[in-house]
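Structure file entry-v6.csv (CSV, C-alpha atoms and all ligand atoms) is printed below.
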```csv
chain,number,residue,atom,x,y,z
A,1301,MET,CA,-21.0,-13.8,-16.9
A,1302,LEU,CA,-18.6,-16.7,-16.5
A,1303,SER,CA,-20.2,-20.2,-16.9
A,1304,ASN,CA,-19.8,-23.2,-14.6
A,1305,ASN,CA,-17.2,-24.6,-17.0
A,1306,ASP,CA,-15.2,-21.4,-16.7
A,1307,GLN,CA,-15.4,-21.5,-13.0
A,1308,GLN,CA,-14.1,-25.0,-12.7
A,1309,ALA,CA,-11.4,-24.3,-15.3
A,1310,LEU,CA,-10.2,-21.2,-13.5
A,1311,LEU,CA,-10.2,-22.9,-10.0
A,1312,ALA,CA,-8.3,-25.9,-11.4
A,1313,TRP,CA,-5.8,-23.5,-12.9
A,1314,TYR,CA,-5.5,-21.6,-9.6
A,1315,ASP,CA,-4.9,-24.8,-7.6
A,1316,GLU,CA,-2.0,-25.6,-9.9
A,1317,HIS,CA,-0.5,-22.3,-10.7
A,1318,GLN,CA,-1.1,-19.9,-7.8
A,1319,ARG,CA,1.9,-18.1,-6.4
A,1320,ASP,CA,3.2,-19.4,-3.1
A,1321,LEU,CA,2.4,-16.4,-0.8
A,1322,PRO,CA,2.5,-16.6,3.0
A,1323,TRP,CA,-0.9,-15.0,3.6
A,1324,ARG,CA,-2.4,-17.9,1.5
A,1325,GLN,CA,-1.1,-20.3,4.1
A,1326,THR,CA,-3.0,-18.9,7.0
A,1327,ASN,CA,-6.6,-18.8,8.2
A,1328,ASP,CA,-6.0,-16.0,10.6
A,1329,PRO,CA,-8.4,-13.1,9.6
A,1330,TRP,CA,-6.1,-10.5,11.1
A,1331,ALA,CA,-3.1,-11.7,9.0
A,1332,ILE,CA,-5.3,-11.8,5.9
A,1333,LEU,CA,-6.6,-8.3,6.6
A,1334,LEU,CA,-3.1,-7.0,6.9
A,1335,SER,CA,-2.2,-8.5,3.6
A,1336,GLU,CA,-5.2,-7.0,1.8
A,1337,ILE,CA,-4.5,-3.5,3.2
A,1338,LEU,CA,-0.8,-3.7,2.3
A,1339,LEU,CA,-1.5,-5.0,-1.3
A,1340,GLN,CA,-3.9,-2.2,-2.1
A,1341,GLN,CA,-1.1,0.0,-3.2
A,1342,THR,CA,2.1,-2.0,-2.7
A,1343,GLN,CA,3.6,-4.5,-5.2
A,1344,VAL,CA,3.5,-8.2,-4.0
A,1345,SER,CA,7.3,-8.4,-3.9
A,1346,ARG,CA,7.5,-5.4,-1.5
A,1347,GLY,CA,4.3,-6.4,0.2
A,1348,LEU,CA,5.9,-9.7,1.3
A,1349,ILE,CA,8.5,-7.8,3.3
A,1350,TYR,CA,6.1,-5.4,5.0
A,1351,TRP,CA,3.5,-8.1,5.7
A,1352,GLN,CA,6.1,-10.2,7.5
A,1353,ARG,CA,7.2,-7.2,9.5
A,1354,MET,CA,3.6,-6.2,10.5
A,1355,VAL,CA,2.6,-9.7,11.4
A,1356,GLU,CA,5.7,-10.1,13.6
A,1357,THR,CA,5.3,-6.7,15.3
A,1358,PHE,CA,1.5,-6.8,15.7
A,1359,PRO,CA,0.5,-10.5,15.8
A,1360,THR,CA,-3.0,-9.7,16.9
A,1361,VAL,CA,-5.5,-6.9,16.5
A,1362,GLY,CA,-5.2,-6.3,20.3
A,1363,SER,CA,-1.4,-5.9,20.1
A,1364,MET,CA,-1.8,-3.1,17.5
A,1365,ALA,CA,-4.6,-1.4,19.4
A,1366,ALA,CA,-2.4,-1.3,22.6
A,1367,ALA,CA,0.5,0.3,20.7
A,1368,PRO,CA,0.9,4.0,19.9
A,1369,VAL,CA,0.2,5.1,16.3
A,1370,ASP,CA,3.9,6.0,16.0
A,1371,ALA,CA,4.8,2.4,16.5
A,1372,VAL,CA,2.5,1.4,13.6
A,1373,LEU,CA,4.0,4.1,11.4
A,1374,LYS,CA,7.5,2.9,12.3
A,1375,ALA,CA,6.6,-0.7,11.3
A,1376,TRP,CA,5.0,0.7,8.1
A,1377,GLU,CA,8.1,2.8,7.3
A,1378,GLY,CA,9.0,2.6,3.6
A,1379,ALA,CA,5.7,1.0,2.5
A,1380,GLY,CA,4.2,4.3,1.4
A,1381,TYR,CA,0.7,5.6,1.6
A,1382,TYR,CA,1.0,6.1,5.3
A,1383,SER,CA,-2.7,6.9,5.8
A,1384,ARG,CA,-3.2,3.2,5.5
A,1385,ALA,CA,-1.1,2.6,8.7
A,1386,ARG,CA,-3.0,5.3,10.6
A,1387,ARG,CA,-6.4,4.0,9.6
A,1388,LEU,CA,-5.2,0.4,10.4
A,1389,HIS,CA,-4.4,1.6,13.9
A,1390,ALA,CA,-7.8,3.3,14.2
A,1391,LEU,CA,-9.4,0.0,12.9
A,1392,SER,CA,-7.7,-2.0,15.6
A,1393,GLN,CA,-8.9,0.3,18.4
A,1394,ARG,CA,-12.4,0.2,17.1
A,1395,VAL,CA,-12.4,-3.6,17.0
A,1396,MET,CA,-11.2,-3.8,20.6
A,1397,MET,CA,-14.0,-1.5,21.8
A,1398,PRO,CA,-17.0,-3.1,23.6
A,1399,LYS,CA,-20.0,-3.8,21.4
A,1400,ALA,CA,-22.1,-1.4,23.5
A,1401,GLU,CA,-19.8,1.4,22.4
A,1402,GLY,CA,-19.8,0.5,18.7
A,1403,GLY,CA,-16.8,-1.9,18.7
A,1404,PHE,CA,-16.6,-5.7,18.2
A,1405,ASP,CA,-15.4,-6.9,21.7
A,1406,GLY,CA,-11.9,-7.7,20.3
A,1407,GLN,CA,-13.0,-10.0,17.4
A,1408,LEU,CA,-12.5,-8.9,13.8
A,1409,PRO,CA,-16.0,-8.9,12.3
A,1410,SER,CA,-16.8,-11.4,9.6
A,1411,THR,CA,-19.6,-9.9,7.4
A,1412,TYR,CA,-19.1,-7.6,4.5
A,1413,ASP,CA,-21.2,-4.8,6.0
A,1414,GLU,CA,-19.5,-5.0,9.4
A,1415,LEU,CA,-16.1,-5.0,7.8
A,1416,LEU,CA,-17.1,-2.0,5.6
A,1417,SER,CA,-18.0,0.0,8.7
A,1418,LEU,CA,-14.3,-0.1,9.9
A,1419,PRO,CA,-11.8,2.7,9.3
A,1420,GLY,CA,-9.8,2.3,6.1
A,1421,ILE,CA,-12.0,-0.6,4.8
A,1422,GLY,CA,-13.6,0.0,1.4
A,1423,PRO,CA,-15.8,-2.3,-0.7
A,1424,TYR,CA,-12.8,-4.2,-2.1
A,1425,THR,CA,-11.1,-5.0,1.2
A,1426,ALA,CA,-14.4,-5.8,2.9
A,1427,ALA,CA,-15.3,-8.4,0.1
A,1428,ALA,CA,-11.8,-9.8,0.1
A,1429,VAL,CA,-11.6,-10.4,3.9
A,1430,ALA,CA,-15.2,-11.6,4.1
A,1431,SER,CA,-14.6,-14.2,1.3
A,1432,ILE,CA,-11.0,-15.2,2.0
A,1433,ALA,CA,-11.0,-15.2,5.8
A,1434,PHE,CA,-14.6,-16.1,6.5
A,1435,ARG,CA,-15.7,-17.9,3.2
A,1436,HIS,CA,-18.7,-15.5,2.8
A,1437,PRO,CA,-20.0,-15.5,-0.9
A,1438,VAL,CA,-19.2,-11.9,-1.9
A,1439,ALA,CA,-17.4,-10.9,-5.1
A,1440,CYS,CA,-14.4,-8.6,-5.1
A,1441,VAL,CA,-13.7,-6.0,-7.7
A,1442,ASP,CA,-10.2,-4.6,-8.2
A,1443,GLY,CA,-8.2,-3.4,-11.2
A,1444,ASN,CA,-7.1,-6.9,-12.2
A,1445,ILE,CA,-10.7,-8.2,-12.2
A,1446,ARG,CA,-11.9,-5.1,-14.1
A,1447,ARG,CA,-9.4,-5.9,-16.8
A,1448,VAL,CA,-10.3,-9.5,-17.1
A,1449,MET,CA,-14.0,-8.6,-17.2
A,1450,ALA,CA,-13.4,-5.9,-19.9
A,1451,ARG,CA,-11.5,-8.4,-22.1
A,1452,GLN,CA,-13.9,-11.3,-21.5
A,1453,THR,CA,-16.8,-9.1,-22.6
A,1454,ALA,CA,-14.8,-7.0,-25.1
A,1455,GLN,CA,-15.9,-3.7,-23.4
A,1456,ALA,CA,-13.5,-0.7,-23.7
A,1457,ASP,CA,-14.8,1.2,-20.7
A,1458,PRO,CA,-17.1,-0.8,-18.4
A,1459,THR,CA,-18.6,1.2,-15.6
A,1460,PRO,CA,-18.0,0.2,-11.9
A,1461,LYS,CA,-21.6,-1.0,-11.8
A,1462,GLN,CA,-21.2,-3.3,-14.8
A,1463,VAL,CA,-18.0,-4.7,-13.5
A,1464,GLN,CA,-19.6,-5.4,-10.1
A,1465,GLU,CA,-22.6,-7.1,-11.7
A,1466,TRP,CA,-20.3,-9.3,-13.8
A,1467,ALA,CA,-18.3,-10.2,-10.7
A,1468,ASP,CA,-21.4,-10.9,-8.7
A,1469,GLY,CA,-22.9,-13.0,-11.5
A,1470,SER,CA,-19.7,-15.0,-12.1
A,1471,LEU,CA,-19.0,-15.7,-8.4
A,1472,GLU,CA,-18.3,-19.4,-7.5
A,1473,THR,CA,-20.0,-19.7,-4.1
A,1474,GLU,CA,-18.5,-23.0,-2.8
A,1475,ARG,CA,-15.0,-21.5,-2.7
A,1476,PRO,CA,-15.6,-17.8,-2.7
A,1477,GLY,CA,-12.2,-16.8,-1.3
A,1478,ASP,CA,-10.3,-19.0,-3.8
A,1479,TRP,CA,-12.6,-17.7,-6.5
A,1480,ASN,CA,-11.9,-14.1,-5.9
A,1481,GLN,CA,-8.1,-14.8,-5.6
A,1482,SER,CA,-8.1,-16.9,-8.8
A,1483,LEU,CA,-9.6,-14.0,-10.8
A,1484,MET,CA,-7.1,-11.5,-9.4
A,1485,GLU,CA,-4.3,-14.0,-9.9
A,1486,LEU,CA,-5.2,-14.4,-13.5
A,1487,GLY,CA,-5.2,-10.7,-14.0
A,1488,ALA,CA,-1.9,-10.3,-12.2
A,1489,THR,CA,0.0,-13.1,-14.0
A,1490,VAL,CA,-1.7,-14.1,-17.3
A,1491,CYS,CA,-4.1,-11.4,-18.4
A,1492,THR,CA,-1.8,-8.5,-17.5
A,1493,PRO,CA,-2.1,-4.9,-18.8
A,1494,LYS,CA,0.6,-5.1,-21.5
A,1495,ARG,CA,1.1,-8.8,-21.9
A,1496,TRP,CA,-1.5,-11.6,-22.2
A,1497,ALA,CA,-1.0,-15.3,-22.5
A,1498,CYS,CA,-4.3,-16.2,-24.1
A,1499,GLY,CA,-2.9,-19.5,-25.4
A,1500,THR,CA,-2.6,-20.8,-21.8
A,1501,CYS,CA,-5.5,-18.9,-20.2
A,1502,PRO,CA,-8.2,-21.1,-18.6
A,1503,LEU,CA,-10.9,-18.6,-19.7
A,1504,ARG,CA,-10.0,-18.4,-23.4
A,1505,ALA,CA,-12.9,-20.6,-24.5
A,1506,SER,CA,-15.4,-17.9,-23.5
A,1507,CYS,CA,-13.3,-14.8,-24.0
A,1508,ALA,CA,-14.6,-12.2,-26.5
A,1509,GLY,CA,-11.4,-10.1,-26.3
A,1510,THR,CA,-8.7,-12.6,-27.4
A,1511,GLY,CA,-8.5,-10.9,-30.9
A,1512,ASP,CA,-7.2,-7.7,-29.5
A,1513,PRO,CA,-6.8,-7.9,-25.6
A,1514,GLY,CA,-4.8,-4.6,-25.6
A,1515,ALA,CA,-7.9,-2.7,-26.6
A,1516,TYR,CA,-9.8,-3.7,-23.4
A,1517,PRO,CA,-10.1,-1.7,-21.3
A,1518,THR,CA,-9.0,1.6,-22.8
A,1519,PRO,CA,-5.9,2.7,-20.8
A,1520,LYS,CA,-6.6,5.7,-18.5
A,1521,LYS,CA,-4.1,8.5,-18.8
A,1522,GLN,CA,-2.5,9.1,-15.4
A,1523,ARG,CA,-2.2,12.8,-14.4
A,1524,VAL,CA,1.2,13.3,-12.8
A,1525,THR,CA,1.7,16.5,-10.9
A,1526,ALA,CA,5.0,18.2,-10.0
A,1527,LEU,CA,5.9,19.5,-6.6
A,1528,HIS,CA,8.9,21.6,-5.7
A,1529,LEU,CA,9.9,21.8,-2.1
A,1530,VAL,CA,12.7,23.4,-0.1
A,1531,ALA,CA,14.1,21.4,2.9
A,1532,VAL,CA,16.2,23.1,5.5
A,1533,VAL,CA,18.0,20.4,7.5
A,1534,GLU,CA,19.5,21.2,10.9
A,1535,PHE,CA,21.9,19.0,12.8
A,1536,ALA,CA,22.0,19.4,16.5
A,1537,LEU,CA,25.2,19.6,18.5
A,1538,ASP,CA,25.0,15.9,19.3
A,1539,GLY,CA,25.2,15.1,15.6
A,1540,HIS,CA,21.6,13.9,15.2
A,1541,PRO,CA,19.2,15.8,12.9
A,1542,VAL,CA,16.5,18.1,14.3
A,1543,LEU,CA,13.3,16.4,13.2
A,1544,HIS,CA,9.6,17.4,13.4
A,1545,GLN,CA,6.5,15.3,13.4
A,1546,ARG,CA,4.2,16.2,10.6
A,1547,PRO,CA,0.5,16.9,11.3
A,1548,MET,CA,-1.9,13.9,11.1
A,1549,SER,CA,-3.3,15.0,7.8
A,1550,GLY,CA,-1.6,15.8,4.5
A,1551,MET,CA,1.5,14.4,2.8
A,1552,PHE,CA,3.5,12.0,5.0
A,1553,ALA,CA,1.1,12.7,7.8
A,1554,GLY,CA,2.3,11.6,11.2
A,1555,LEU,CA,5.8,10.9,10.0
A,1556,TRP,CA,9.0,12.7,11.1
A,1557,GLY,CA,11.3,14.7,8.9
A,1558,PRO,CA,13.1,18.0,8.4
A,1559,MET,CA,11.0,21.2,7.8
A,1560,TYR,CA,9.8,21.6,4.2
A,1561,ARG,CA,8.8,24.9,2.5
A,1562,GLU,CA,6.9,25.3,-0.7
A,1563,ASP,CA,8.1,28.9,-1.3
A,1564,ALA,CA,11.3,30.1,-3.0
A,1565,MET,CA,14.9,29.5,-1.9
A,1566,PRO,CA,15.7,30.9,1.5
A,1567,LYS,CA,18.1,33.9,1.3
A,1568,ASP,CA,20.2,33.1,4.4
A,1569,GLU,CA,23.9,33.2,4.3
A,1570,GLY,CA,24.2,30.4,6.9
A,1571,LEU,CA,22.6,27.9,4.6
A,1572,VAL,CA,24.7,25.4,2.6
A,1573,ASP,CA,23.2,24.2,-0.7
A,1574,CYS,CA,23.5,20.4,-0.9
A,1575,GLY,CA,21.7,19.9,-4.2
A,1576,THR,CA,18.4,18.3,-5.1
A,1577,VAL,CA,16.6,15.0,-4.4
A,1578,ASN,CA,14.1,13.7,-6.8
A,1579,HIS,CA,11.3,11.3,-5.6
A,1580,GLN,CA,8.4,9.8,-7.5
A,1581,LEU,CA,5.1,9.0,-5.9
A,1582,SER,CA,2.4,7.3,-8.0
A,1583,HIS,CA,0.8,10.5,-9.1
A,1584,LYS,CA,3.4,13.1,-8.0
A,1585,LYS,CA,7.0,14.0,-9.0
A,1586,ILE,CA,8.7,15.7,-6.1
A,1587,LYS,CA,11.9,17.7,-6.4
A,1588,VAL,CA,13.5,18.9,-3.1
A,1589,GLN,CA,16.2,21.5,-2.9
A,1590,VAL,CA,18.2,20.6,0.2
A,1591,TYR,CA,19.9,23.1,2.4
A,1592,VAL,CA,21.8,22.6,5.7
A,1593,SER,CA,21.6,25.2,8.3
A,1594,GLY,CA,25.1,25.9,9.7
A,1595,SER,CA,23.9,27.8,12.7
A,1596,SER,CA,22.1,25.2,14.8
A,1597,GLN,CA,22.4,25.6,18.6
A,1598,ALA,CA,20.0,22.8,19.4
A,1599,PRO,CA,21.8,20.5,21.9
A,1600,LYS,CA,20.0,17.3,21.0
A,1601,GLY,CA,18.6,15.9,17.8
A,1602,ILE,CA,16.6,12.8,17.2
A,1603,ARG,CA,18.0,9.4,16.4
A,1604,ARG,CA,16.6,8.5,13.0
A,1605,SER,CA,16.0,4.9,13.9
A,1606,ASP,CA,13.7,6.0,16.8
A,1607,VAL,CA,11.0,7.5,14.6
A,1608,ALA,CA,9.2,6.8,11.3
A,1609,LEU,CA,10.5,8.5,8.2
A,1610,SER,CA,9.3,8.5,4.6
A,1611,THR,CA,11.7,7.3,1.9
A,1612,LEU,CA,11.9,10.9,0.7
A,1613,ASP,CA,13.0,12.1,4.1
A,1614,GLU,CA,15.6,9.4,4.3
A,1615,LYS,CA,17.1,10.6,0.9
A,1616,VAL,CA,17.0,14.3,2.0
A,1617,LEU,CA,18.8,13.5,5.3
A,1618,ASN,CA,21.4,11.3,3.6
A,1619,LEU,CA,22.2,14.1,1.2
A,1620,ALA,CA,22.5,16.7,3.9
A,1621,ALA,CA,24.6,14.4,6.1
A,1622,GLU,CA,27.0,13.8,3.2
A,1623,HIS,CA,27.7,17.5,2.9
A,1624,VAL,CA,28.0,18.3,6.6
A,1625,PHE,CA,30.1,15.3,7.6
A,1626,GLU,CA,32.2,14.8,4.5
A,1627,GLY,CA,35.3,13.0,5.5
A,1628,ASP,CA,34.2,12.4,9.0
A,1629,ASP,CA,32.9,8.8,8.9
A,1630,SER,CA,31.9,8.5,12.5
A,1631,ALA,CA,29.9,11.7,12.5
A,1632,ALA,CA,28.3,10.7,9.2
A,1633,THR,CA,27.3,7.3,10.6
A,1634,LYS,CA,25.7,9.0,13.6
A,1635,ALA,CA,23.8,11.5,11.4
A,1636,LYS,CA,22.5,8.6,9.3
A,1637,GLY,CA,21.6,6.4,12.3
A,1701,LIG,S1,-8.2,-15.2,-23.1
A,1701,LIG,FE1,-6.6,-13.6,-23.2
A,1701,LIG,S2,-7.7,-11.7,-23.1
A,1701,LIG,FE2,-9.2,-13.3,-22.5
A,1701,LIG,S3,-9.0,-13.4,-20.2
A,1701,LIG,FE3,-7.6,-14.9,-21.0
A,1701,LIG,S4,-5.6,-13.8,-21.2
A,1701,LIG,FE4,-7.2,-12.3,-21.0
```

When written as structure tokens, how does the structure in this file appear?
Ligand code: SF4
Amino acid sequence: MLSNNDQQALLAWYDEHQRDLPWRQTNDPWAILLSEILLQQTQVSRGLIYWQRMVETFPTVGSMAAAPVDAVLKAWEGAGYYSRARRLHALSQRVMMPKAEGGFDGQLPSTYDELLSLPGIGPYTAAAVASIAFRHPVACVDGNIRRVMARQTAQADPTPKQVQEWADGSLETERPGDWNQSLMELGATVCTPKRWACGTCPLRASCAGTGDPGAYPTPKKQRVTALHLVAVVEFALDGHPVLHQRPMSGMFAGLWGPMYREDAMPKDEGLVDCGTVNHQLSHKKIKVQVYVSGSSQAPKGIRRSDVALSTLDEKVLNLAAEHVFEGDDSAATKAKG
């Protein structure tokens, strides 16, 4: 566990060195919750852009609850892990429900247990929001804190229970939100996975791992799977692509895009082979063979800016449009719009 001296040293370091991030300048629990959900799987530099967009589009929990889920997906477009956006929408609707029906009368709840009961909120987010937005003394555990704990205690593979116990025992209870953020900030900027600045670290006096920080924790091997898909893109007679909304579960659920198939290349003479698109998700390498159907009779397609598309679908449609509208700049612009 960290001592009182460690706590004061880390908080003093945080007060001086914390990054200037807009969600640290607000007391609005909704804005803080949006930042925590976004930052779960999005880098801070990109999270800044999407947080700004989400706060402007849905300034209150009620404004999101009143919007269709498609509007939330559209605002989330490009941020990835779209299940977060769908769950966020479900969360907003649950918060707006009357208490008698299991909701929270329009007020975001403040306790760890109540927050944990909301859709899309796990132990990390519940602790982060309860401590940062409501100053409740609960300790967060995320990957950064696990790494700092492993190095502080020189443990190669601490269990989740051990990390939580260390975080609980180290918690500074006067400023719990700042405390949790200071530990995460240290892991994100000083005690990083491949680099560590032990010489300037506020916790160096008590750290058992300074001799060989890279040994703690043992790096986990990430399993990356490969997925090959075939996309058949169709452009309607008005120049816009024919798009379909995906089911609400599975990859890119609820987003729009061309039809994908997992089977072999279609043997259809009317198809034009446009080449391949490669796309990397965190644990998946996706390769899409893109074809354009030359026989579309659909009168109207869908304007791309009107619906939410994944980054992969954007790439696929761009490649298809380049082949179909080569040399015709006005049509290509339409197909891309
Ligand atoms: S002293 Fe080094 S290894 Fe220990 S917490 Fe600080 S940066 Fe990490």

List as JSON lines every residue of chain A that is in contact with ligand LIG 1701 (chain A), defined as an atom at most 7 Å from one of its atoms (using all atoms listed in the file), together with the nearest atom pair and the distance in Å rounded to one decimal, sorted by chain and then rising number.
```
{"residue": "A:Val1448", "atom": "CA", "partner": "A:LIG1701", "partner_atom": "S3", "distance": 5.1}
{"residue": "A:Arg1451", "atom": "CA", "partner": "A:LIG1701", "partner_atom": "S2", "distance": 5.1}
{"residue": "A:Gln1452", "atom": "CA", "partner": "A:LIG1701", "partner_atom": "FE2", "distance": 5.2}
{"residue": "A:Val1490", "atom": "CA", "partner": "A:LIG1701", "partner_atom": "S4", "distance": 5.5}
{"residue": "A:Cys1491", "atom": "CA", "partner": "A:LIG1701", "partner_atom": "S4", "distance": 4.0}
{"residue": "A:Trp1496", "atom": "CA", "partner": "A:LIG1701", "partner_atom": "S4", "distance": 4.8}
{"residue": "A:Ala1497", "atom": "CA", "partner": "A:LIG1701", "partner_atom": "S4", "distance": 5.0}
{"residue": "A:Cys1498", "atom": "CA", "partner": "A:LIG1701", "partner_atom": "FE1", "distance": 3.6}
{"residue": "A:Cys1501", "atom": "CA", "partner": "A:LIG1701", "partner_atom": "FE3", "distance": 4.6}
{"residue": "A:Pro1502", "atom": "CA", "partner": "A:LIG1701", "partner_atom": "FE3", "distance": 6.7}
{"residue": "A:Leu1503", "atom": "CA", "partner": "A:LIG1701", "partner_atom": "FE3", "distance": 5.1}
{"residue": "A:Arg1504", "atom": "CA", "partner": "A:LIG1701", "partner_atom": "S1", "distance": 3.7}
{"residue": "A:Cys1507", "atom": "CA", "partner": "A:LIG1701", "partner_atom": "FE2", "distance": 4.6}
{"residue": "A:Ala1508", "atom": "CA", "partner": "A:LIG1701", "partner_atom": "FE2", "distance": 6.8}
{"residue": "A:Gly1509", "atom": "CA", "partner": "A:LIG1701", "partner_atom": "S2", "distance": 5.1}
{"residue": "A:Thr1510", "atom": "CA", "partner": "A:LIG1701", "partner_atom": "S2", "distance": 4.5}
{"residue": "A:Pro1513", "atom": "CA", "partner": "A:LIG1701", "partner_atom": "S2", "distance": 4.6}
```

>> If we count all atoms listed in the file and set the cut-off at 8 Å, which residues sit around range 1334-1338 of chain A, ignoring sequence neighbours fewer than 6 positions away in its own chain? Please answer as a list of chain:residue names.
In response: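 Once the nearby chain positions are removed, what remains is A:Trp1323, A:Gly1347, A:Tyr1350, A:Trp1351, A:Met1354, A:Val1355, A:Arg1384, A:Thr1425, A:Ala1428, A:Val1429.
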
Which residues are close to Ala1456 in chain A, i.e. within 7 Å by all atoms listed in the file, leaving aside same-chain residues fewer than 3 positions away? Reply as a short mmCIF file (atom, residue, chain, number, x, y, z; two decimals) with C-alpha atoms, in the frame of the given file.
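Produced file part-v9.cif, reproduced below:
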```
data_model
loop_
_atom_site.label_atom_id
_atom_site.label_comp_id
_atom_site.auth_asym_id
_atom_site.auth_seq_id
_atom_site.Cartn_x
_atom_site.Cartn_y
_atom_site.Cartn_z
CA ALA A 1450 -13.40 -5.90 -19.90
CA ALA A 1515 -7.90 -2.70 -26.60
CA TYR A 1516 -9.80 -3.70 -23.40
CA PRO A 1517 -10.10 -1.70 -21.30
CA THR A 1518 -9.00 1.60 -22.80
#
```

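Using only C-alpha atoms, the smallest distance between any of A:Phe1358, A:Tyr1382, A:Trp1330, A:Trp1479 and Gly1550 in chain A comes from A:Tyr1382.
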
>> Set the distance at 10 Å and use all atoms listed in the file: which residues neighbour range 1403-1419 of chain A once local chain neighbours fewer than 3 positions away are removed? I'd like the list as a VMD selection string.
In response: chain A and resid 1329 to 1330 1333 1360 to 1362 1365 1384 1386 to 1400 1422 to 1431 1433 to 1438

> Using only C-alpha atoms, which of A:Met1548, A:Ala1608, A:Ala1620, A:Ala1454 sits nearest Glu1534 in chain A?
Replying inline: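 Closest to Glu1534 in chain A, using only C-alpha atoms: A:Ala1620.
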
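Here CA of Ser1582 in chain A stands at a distance of 13.4 Å from CA of Leu1612 in chain A.
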
> With all atoms listed in the file as the atoms that count, which of A:Lys1521, A:Gly1575, A:Asn1618, A:Asn1444 lies nearest to Pro1558 in chain A?
Replying inline: A:Asn1618

>> Measuring between all atoms listed in the file, which one of A:Ala1598, A:Ala1531, A:Leu1617, A:Ile1332 shows the shortest distance to Gly1477 in chain A?
In response: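 Looking only at the distances to Gly1477 in chain A, the closest residue turns out to be A:Ile1332.
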
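Compared by their closest atoms to Asp1573 in chain A, and using all atoms listed in the file, the residues A:Gly1443, A:Gly1499, A:Gly1594, A:Gly1557 rank with A:Gly1594 nearest.
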
Where atoms are absent from range 1412-1416 of chain A, fill them in so it carries all heavy atoms, then output it as an mmCIF file, in the frame of the given file.
```
data_model
loop_
_atom_site.group_PDB
_atom_site.id
_atom_site.type_symbol
_atom_site.label_atom_id
_atom_site.label_comp_id
_atom_site.auth_asym_id
_atom_site.auth_seq_id
_atom_site.Cartn_x
_atom_site.Cartn_y
_atom_site.Cartn_z
ATOM 1 N N TYR A 1412 -19.483 -8.694 5.365
ATOM 2 C CA TYR A 1412 -19.100 -7.600 4.500
ATOM 3 C C TYR A 1412 -19.498 -6.248 5.073
ATOM 4 O O TYR A 1412 -18.693 -5.315 5.125
ATOM 5 C CB TYR A 1412 -19.785 -7.818 3.114
ATOM 6 C CG TYR A 1412 -19.592 -6.684 2.128
ATOM 7 C CD1 TYR A 1412 -18.458 -6.630 1.333
ATOM 8 C CD2 TYR A 1412 -20.542 -5.678 2.007
ATOM 9 C CE1 TYR A 1412 -18.267 -5.600 0.436
ATOM 10 C CE2 TYR A 1412 -20.364 -4.636 1.110
ATOM 11 C CZ TYR A 1412 -19.228 -4.601 0.326
ATOM 12 O OH TYR A 1412 -19.043 -3.575 -0.554
ATOM 13 N N ASP A 1413 -20.745 -6.137 5.548
ATOM 14 C CA ASP A 1413 -21.200 -4.800 6.000
ATOM 15 C C ASP A 1413 -20.479 -4.397 7.300
ATOM 16 O O ASP A 1413 -20.155 -3.220 7.452
ATOM 17 C CB ASP A 1413 -22.736 -4.909 6.330
ATOM 18 C CG ASP A 1413 -23.530 -4.934 5.029
ATOM 19 O OD1 ASP A 1413 -23.004 -4.467 4.000
ATOM 20 O OD2 ASP A 1413 -24.665 -5.442 5.037
ATOM 21 N N GLU A 1414 -20.225 -5.322 8.197
ATOM 22 C CA GLU A 1414 -19.500 -5.000 9.400
ATOM 23 C C GLU A 1414 -18.052 -4.556 9.076
ATOM 24 O O GLU A 1414 -17.524 -3.575 9.610
ATOM 25 C CB GLU A 1414 -19.468 -6.137 10.385
ATOM 26 C CG GLU A 1414 -20.794 -6.410 11.069
ATOM 27 C CD GLU A 1414 -20.743 -7.695 11.879
ATOM 28 O OE1 GLU A 1414 -20.109 -8.675 11.417
ATOM 29 O OE2 GLU A 1414 -21.328 -7.723 12.959
ATOM 30 N N LEU A 1415 -17.426 -5.316 8.191
ATOM 31 C CA LEU A 1415 -16.100 -5.000 7.800
ATOM 32 C C LEU A 1415 -16.015 -3.592 7.142
ATOM 33 O O LEU A 1415 -15.122 -2.779 7.396
ATOM 34 C CB LEU A 1415 -15.490 -6.030 6.848
ATOM 35 C CG LEU A 1415 -15.108 -7.358 7.513
ATOM 36 C CD1 LEU A 1415 -15.031 -8.482 6.492
ATOM 37 C CD2 LEU A 1415 -13.767 -7.224 8.248
ATOM 38 N N LEU A 1416 -17.022 -3.327 6.317
ATOM 39 C CA LEU A 1416 -17.100 -2.000 5.600
ATOM 40 C C LEU A 1416 -17.228 -0.865 6.569
ATOM 41 O O LEU A 1416 -16.852 0.264 6.249
ATOM 42 C CB LEU A 1416 -18.260 -2.074 4.625
ATOM 43 C CG LEU A 1416 -18.310 -1.012 3.526
ATOM 44 C CD1 LEU A 1416 -17.075 -1.065 2.650
ATOM 45 C CD2 LEU A 1416 -19.566 -1.210 2.672
#
```
